[in-house]
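Note: the block below is target.txt and it holds compact mmCIF, C-alpha atoms.
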```
# COMPACT_ATOMS: atom_id res chain seq x y z
CA MET A 1 75.01 99.69 92.88
CA SER A 2 75.47 99.19 96.62
CA ASP A 3 78.92 98.25 97.93
CA TRP A 4 77.51 96.17 100.77
CA PRO A 5 77.31 92.76 99.01
CA SER A 6 81.07 92.97 98.32
CA VAL A 7 81.81 94.06 101.90
CA VAL A 8 79.66 91.31 103.41
CA ALA A 9 81.21 88.72 101.05
CA ALA A 10 84.77 89.74 102.06
CA TYR A 11 83.96 89.60 105.78
CA ALA A 12 82.11 86.29 105.40
CA VAL A 13 85.04 84.75 103.52
CA THR A 14 87.47 85.89 106.24
CA ILE A 15 85.43 84.77 109.25
CA GLY A 16 84.28 81.59 107.49
CA GLY A 17 87.83 80.76 106.44
CA LEU A 18 89.15 81.19 109.98
CA LEU A 19 86.34 79.06 111.46
CA LEU A 20 86.83 76.30 108.89
CA TYR A 21 90.54 76.25 109.65
CA VAL A 22 89.88 75.98 113.42
CA ALA A 23 87.54 73.04 112.74
CA SER A 24 90.10 71.41 110.44
CA VAL A 25 92.91 71.66 113.03
CA ALA A 26 90.65 70.26 115.78
CA ARG A 27 89.53 67.35 113.59
CA ARG A 28 93.09 66.46 112.50
CA ARG A 29 94.33 66.68 116.11
CA ILE A 30 91.66 64.28 117.37
CA ARG A 31 92.44 61.84 114.55
CA ALA A 32 96.22 62.02 115.13
CA ARG A 33 95.75 61.32 118.85
CA GLN A 34 93.47 58.37 118.10
CA VAL A 35 96.06 56.93 115.68
CA ALA A 36 98.91 57.44 118.18
CA ASP A 37 96.93 55.78 120.97
CA ALA A 38 95.85 52.87 118.74
CA LEU A 39 99.42 52.28 117.53
CA ALA A 40 100.81 52.43 121.05
CA ALA A 41 98.16 49.98 122.25
CA GLN A 42 98.93 47.68 119.32
CA ARG A 43 102.64 47.82 120.17
CA ASP A 44 101.91 46.92 123.79
CA ARG A 45 99.80 43.96 122.66
CA ASP A 46 102.41 42.75 120.16
CA ALA A 47 105.43 43.13 122.47
CA PRO A 48 106.69 39.69 123.61
CA GLU A 49 106.47 39.14 127.34
CA GLN A 50 109.94 39.33 128.91
CA PRO A 51 110.35 37.52 132.21
CA GLY A 52 110.88 40.15 134.90
CA ALA A 53 110.34 43.00 132.44
CA GLU A 54 108.74 46.25 133.64
CA PRO A 55 105.19 46.64 132.30
CA SER A 56 104.83 49.57 129.96
CA ALA A 57 103.33 52.82 131.16
CA ARG A 58 100.26 52.17 129.02
CA VAL A 59 99.67 48.76 130.57
CA LEU A 60 100.09 50.30 134.01
CA GLU A 61 97.64 53.00 133.07
CA ALA A 62 95.13 50.46 131.78
CA GLY A 63 95.44 48.54 135.02
CA ARG A 64 94.46 51.51 137.15
CA MET B 1 91.19 69.25 131.75
CA ARG B 2 92.44 72.60 133.07
CA ARG B 3 94.40 73.03 129.81
CA LEU B 4 91.23 72.37 127.79
CA VAL B 5 89.26 74.94 129.80
CA ARG B 6 92.07 77.52 129.46
CA SER B 7 92.27 76.92 125.70
CA SER B 8 88.50 77.19 125.36
CA VAL B 9 88.35 80.45 127.38
CA SER B 10 91.22 82.00 125.40
CA GLY B 11 89.51 80.87 122.17
CA TRP B 12 86.28 82.64 123.13
CA LEU B 13 88.20 85.80 124.12
CA VAL B 14 89.95 85.80 120.74
CA ALA B 15 86.60 85.27 118.97
CA LEU B 16 85.15 88.19 120.96
CA ALA B 17 88.09 90.47 120.03
CA VAL B 18 87.70 89.58 116.33
CA ALA B 19 83.90 90.03 116.50
CA VAL B 20 84.20 93.48 118.14
CA THR B 21 86.73 94.77 115.59
CA VAL B 22 84.80 93.28 112.68
CA GLY B 23 81.59 94.89 114.00
CA ALA B 24 83.34 98.25 114.37
CA GLY B 25 84.72 97.97 110.83
CA LEU B 26 81.21 97.43 109.50
CA THR B 27 79.38 100.05 111.57
CA VAL B 28 81.39 102.52 113.69
CA VAL B 29 84.04 103.69 111.21
CA PRO B 30 82.81 106.13 108.54
CA PRO B 31 82.90 105.16 104.84
CA ASP B 32 85.80 106.34 102.70
CA ALA B 33 85.28 109.70 100.92
CA VAL B 34 86.34 108.28 97.54
CA GLN B 35 85.57 104.54 97.59
CA GLY B 36 82.55 104.60 99.91
CA ASP B 37 81.60 101.53 101.95
CA VAL B 38 83.62 99.06 99.88
CA GLN B 39 86.79 100.43 101.51
CA ARG B 40 85.66 98.62 104.71
CA ILE B 41 87.16 95.50 103.14
CA MET B 42 90.51 97.01 104.14
CA TYR B 43 89.86 96.06 107.80
CA VAL B 44 90.02 92.35 106.96
CA HIS B 45 92.23 92.47 103.85
CA VAL B 46 95.20 94.39 105.31
CA PRO B 47 95.37 92.48 108.66
CA SER B 48 95.28 89.20 106.70
CA ALA B 49 98.21 90.38 104.56
CA TRP B 50 100.25 91.57 107.54
CA LEU B 51 99.58 88.36 109.46
CA ALA B 52 100.72 86.37 106.42
CA TYR B 53 104.02 88.28 106.46
CA ALA B 54 104.35 87.76 110.24
CA ALA B 55 103.53 84.04 109.99
CA PHE B 56 106.15 83.47 107.29
CA PHE B 57 108.67 85.42 109.39
CA VAL B 58 107.98 82.99 112.26
CA THR B 59 108.54 80.12 109.79
CA LEU B 60 111.89 81.68 108.90
CA VAL B 61 112.84 82.02 112.59
CA GLY B 62 111.71 78.45 113.35
CA GLY B 63 113.70 77.13 110.39
CA VAL B 64 116.87 78.98 111.34
CA LEU B 65 116.56 77.87 114.98
CA TYR B 66 116.04 74.26 113.84
CA LEU B 67 119.16 74.38 111.64
CA ARG B 68 121.11 75.77 114.60
CA HIS B 69 119.85 73.48 117.39
CA ARG B 70 118.40 70.44 115.49
CA ASP B 71 115.43 70.55 117.88
CA LEU B 72 112.14 69.38 116.36
CA ARG B 73 110.16 71.87 118.49
CA PHE B 74 111.42 74.64 116.20
CA ASP B 75 110.38 72.64 113.13
CA ARG B 76 106.89 72.24 114.60
CA LEU B 77 106.74 76.01 115.13
CA ALA B 78 107.87 76.61 111.52
CA VAL B 79 105.35 74.28 109.88
CA ALA B 80 102.48 75.44 112.10
CA SER B 81 103.15 79.06 111.23
CA ALA B 82 103.61 78.31 107.51
CA GLU B 83 100.19 76.68 107.30
CA ILE B 84 98.50 79.59 109.06
CA GLY B 85 100.44 82.02 106.84
CA LEU B 86 99.12 80.17 103.82
CA LEU B 87 95.57 80.55 105.17
CA PHE B 88 96.06 84.31 105.63
CA THR B 89 97.63 84.64 102.17
CA GLY B 90 94.61 82.87 100.69
CA LEU B 91 92.26 85.19 102.60
CA THR B 92 94.26 88.20 101.37
CA ILE B 93 93.95 87.05 97.75
CA VAL B 94 90.21 86.32 97.96
CA THR B 95 89.25 89.52 99.85
CA GLY B 96 91.52 91.49 97.48
CA ALA B 97 89.76 89.94 94.49
CA ILE B 98 86.35 90.95 95.90
CA TRP B 99 87.66 94.48 96.53
CA GLY B 100 89.24 94.57 93.04
CA LYS B 101 85.99 93.54 91.36
CA ALA B 102 84.15 96.38 93.15
CA THR B 103 86.75 99.08 92.44
CA TRP B 104 88.72 98.01 89.32
CA GLY B 105 85.90 96.08 87.69
CA LYS B 106 87.85 92.81 87.61
CA TRP B 107 88.65 89.99 90.01
CA TRP B 108 92.28 89.62 89.01
CA ASP B 109 95.05 91.53 87.26
CA TRP B 110 98.67 90.57 86.67
CA ASP B 111 99.66 93.58 88.75
CA PRO B 112 103.05 93.29 90.56
CA ARG B 113 101.49 93.14 94.06
CA LEU B 114 98.89 90.54 93.07
CA THR B 115 101.39 88.46 91.12
CA THR B 116 104.04 88.43 93.86
CA THR B 117 101.34 87.54 96.43
CA ALA B 118 100.21 84.62 94.25
CA ILE B 119 103.86 83.51 94.03
CA LEU B 120 104.08 83.72 97.85
CA PHE B 121 101.03 81.44 98.11
CA VAL B 122 102.59 78.92 95.70
CA ILE B 123 105.95 78.97 97.56
CA TYR B 124 104.41 78.06 100.92
CA ALA B 125 101.96 75.57 99.39
CA ALA B 126 105.07 73.92 97.88
CA TYR B 127 106.73 74.06 101.33
CA LEU B 128 103.86 72.03 102.82
CA LEU B 129 103.79 69.57 99.89
CA LEU B 130 107.56 69.13 100.07
CA ARG B 131 107.30 68.19 103.73
CA GLN B 132 104.78 65.47 102.89
CA SER B 133 107.20 63.90 100.43
CA LEU B 134 109.98 63.36 103.01
CA ALA B 135 109.60 60.49 105.47
CA ASP B 136 112.58 61.01 107.78
CA ARG B 137 111.61 63.60 110.40
CA HIS B 138 114.99 65.31 110.70
CA ARG B 139 115.65 65.31 106.95
CA ARG B 140 112.18 66.76 106.42
CA ALA B 141 112.82 69.46 109.04
CA ARG B 142 116.23 70.31 107.51
CA VAL B 143 115.00 70.58 103.90
CA ALA B 144 111.89 72.50 104.98
CA ALA B 145 113.97 74.93 107.06
CA VAL B 146 116.11 75.81 104.05
CA PHE B 147 113.11 76.04 101.70
CA GLY B 148 111.00 78.07 104.17
CA SER B 149 113.83 80.49 104.90
CA ALA B 150 114.55 81.03 101.20
CA GLY B 151 110.82 81.49 100.56
CA PHE B 152 110.74 84.42 102.95
CA LEU B 153 112.88 86.40 100.50
CA ASN B 154 109.65 86.97 98.54
CA VAL B 155 107.93 88.79 101.44
CA PRO B 156 109.81 92.12 101.09
CA ILE B 157 109.36 91.84 97.32
CA VAL B 158 105.57 91.55 97.85
CA HIS B 159 105.53 94.52 100.20
CA PHE B 160 107.69 96.86 98.13
CA SER B 161 106.37 95.73 94.73
CA VAL B 162 103.88 98.64 94.77
CA LEU B 163 106.77 101.10 95.12
CA TRP B 164 109.21 99.39 92.74
CA TRP B 165 106.83 98.75 89.81
CA ARG B 166 103.79 100.48 88.41
CA GLY B 167 100.48 98.63 88.76
CA LEU B 168 96.82 98.85 89.70
CA HIS B 169 97.32 98.23 93.42
CA GLN B 170 97.59 101.32 95.58
CA PRO B 171 100.92 102.09 97.35
CA PRO B 172 101.27 101.35 101.11
CA THR B 173 98.98 103.44 103.32
CA VAL B 174 100.53 102.88 106.75
CA ILE B 175 104.03 101.35 106.47
CA ARG B 176 105.52 103.86 104.03
CA PRO B 177 107.94 106.78 103.99
CA GLY B 178 106.36 109.74 105.89
CA ASP B 179 103.10 109.83 107.88
CA PRO B 180 100.32 107.27 107.29
CA ALA B 181 97.93 108.51 104.56
CA ILE B 182 94.77 107.58 106.46
CA ASP B 183 92.16 109.21 108.74
CA HIS B 184 92.87 108.74 112.48
CA LEU B 185 89.65 106.81 113.21
CA MET B 186 90.25 104.53 110.24
CA LEU B 187 93.85 104.00 111.36
CA ALA B 188 92.67 103.15 114.91
CA GLU B 189 90.20 100.58 113.51
CA LEU B 190 92.87 99.14 111.23
CA LEU B 191 95.33 98.78 114.13
CA ALA B 192 92.59 97.24 116.33
CA SER B 193 91.85 94.72 113.55
CA VAL B 194 95.55 93.90 113.24
CA ALA B 195 95.73 93.37 117.03
CA ALA B 196 92.64 91.10 117.01
CA PHE B 197 93.94 89.10 114.03
CA THR B 198 97.32 88.79 115.77
CA LEU B 199 95.57 87.28 118.81
CA ALA B 200 93.74 84.90 116.47
CA TYR B 201 97.06 83.98 114.84
CA LEU B 202 98.70 83.26 118.23
CA TRP B 203 95.75 81.13 119.36
CA LEU B 204 95.72 79.22 116.06
CA LEU B 205 99.50 78.76 116.25
CA ARG B 206 99.22 77.15 119.70
CA ARG B 207 96.46 74.79 118.46
CA ARG B 208 98.39 73.96 115.27
CA ILE B 209 101.56 73.17 117.25
CA GLU B 210 99.50 70.80 119.42
CA LEU B 211 98.35 69.09 116.22
CA GLU B 212 101.96 68.76 115.08
CA GLU B 213 102.89 67.22 118.46
CA ALA B 214 100.06 64.69 118.07
CA LEU B 215 101.22 63.87 114.51
CA ASP B 216 104.79 63.41 115.78
CA ALA B 217 103.54 61.07 118.51
CA ALA B 218 101.66 59.02 115.89
CA GLU B 219 104.73 58.95 113.65
CA LEU B 220 106.91 57.89 116.57
CA ALA B 221 104.50 55.06 117.39
CA LEU B 222 104.84 53.83 113.80
CA GLU B 223 108.64 53.67 113.94
CA PRO B 224 110.04 50.17 114.51
CA THR B 225 111.50 49.69 117.98
CA GLY B 226 115.18 48.84 118.25
```
Could you show the structure in this file as structure tokens?
Amino acid sequence: MSDWPSVVAAYAVTIGGLLLYVASVARRRIRARQVADALAAQRDRDAPEQPGAEPSARVLEAGR
Amino acid sequence: MRRLVRSSVSGWLVALAVAVTVGAGLTVVPPDAVQGDVQRIMYVHVPSAWLAYAAFFVTLVGGVLYLRHRDLRFDRLAVASAEIGLLFTGLTIVTGAIWGKATWGKWWDWDPRLTTTAILFVIYAAYLLLRQSLADRHRRARVAAVFGSAGFLNVPIVHFSVLWWRGLHQPPTVIRPGDPAIDHLMLAELLASVAAFTLAYLWLLRRRIELEEALDAAELALEPTG
């Protein structure tokens, strides 16, 4: 029996595994950034207005 | 934007390096005199195993540096490397099982090398699960540093298991007492594969650390303000 199906399977598992991992890291990073941004925006909205207080960096950024 | 372009270019260069070495392993290098073409699995199996060792060593270094400096950057390095090490350990086990089926006639055997590698996989899977169970960032980093460093003790056991105990797995071919027991062209291809996989590891490590930074930022945003 030919050895090639085993060889191709091993290479496919390796390359496929690496590519799936790259995709997984990219997806999780995008989601984590979205959550961080949403939470920071929520915090800015919820923060009580202090007379004379400096606006947060995010509010400044939004104003640009 | 410049960072994104740089990351994308380096990613394509790494992919090219892996593709070239994989292509050479499948076509340029001659088949083994005894095992035939199935021995070509070595060019993905052995680099995966070595990179797993290297990744867990980086986890050990990150853990020790965290315990010394209490700086979360070292913890991010440790967890990023542990996860990639777990990926490479998994790839080692699966490609080894495919190779074992073709040469030994079975997917798995409770051979010392296979068993200690499976234990290594479980140790670092437990490391990642343990981290998820601890909410406080510094406590999590401290406990994980101790666990990850202790887990590394299994790496030399995995490597030398083929010399210490009798089993099905062959003894080391390259890192062993005396000269490497391998043809020069095959050795060159093996070293090229290790180099390409090391580049892939470094690129993945950078991306995984960025993910950890994003997760830390999200966690920080969740913490109540004083």
Practice prompt. Could you please select, counting only C-alpha atoms, the residues of chain A within 9 Å of chain B and state them as number ranges by chain?
Written response: A: 2-11, 13-15, 17-18, 21-22, 25-26, 28-40, 43
Worksheet item: atom CA of Ser133 of chain B to atom CA of Val79 of chain B: how many Å, to one decimal?
Response: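 Atom CA of Val79 of chain B lies at a distance of 14.2 Å from atom CA of Ser133 of chain B.
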Worksheet item: Quick one: distance from atom CA of Val146 of chain B to atom CA of Gly62 of chain B in Å, one decimal?
Response: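 Interatomic distance, atom CA of Val146 of chain B to atom CA of Gly62 of chain B: 10.6 Å.
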Discussion item. When you look at His159 of chain B with a cut-off of 12 Å (counting only C-alpha atoms), what residues show up, excluding the ones that are within fewer than 3 positions of it in the same chain? I need them as a PyMOL selection string.
Written reply: chain B and resi 46+49-50+52-53+112-117+120+152-156+162-165+169-176
Response to the item:
Using only C-alpha atoms, the best pick from B:Leu65, B:Pro47, B:Leu205, B:Leu60 as closest to Thr21 of chain B would be B:Pro47
Item to complete: Would you mind reading off the distance between atom CA of Ala125 of chain B and atom CA of Ala80 of chain B, one decimal, in Å?
Response: 12.7 Å
Item to complete: Could you tell me which of B:Val143, B:Ala192, B:Val58, B:Leu128 comes closest to Phe74 of chain B if we count all atoms listed in the file?
Response: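 Of B:Val143, B:Ala192, B:Val58, B:Leu128, the one nearest Phe74 of chain B is B:Val58, counting all atoms listed in the file.
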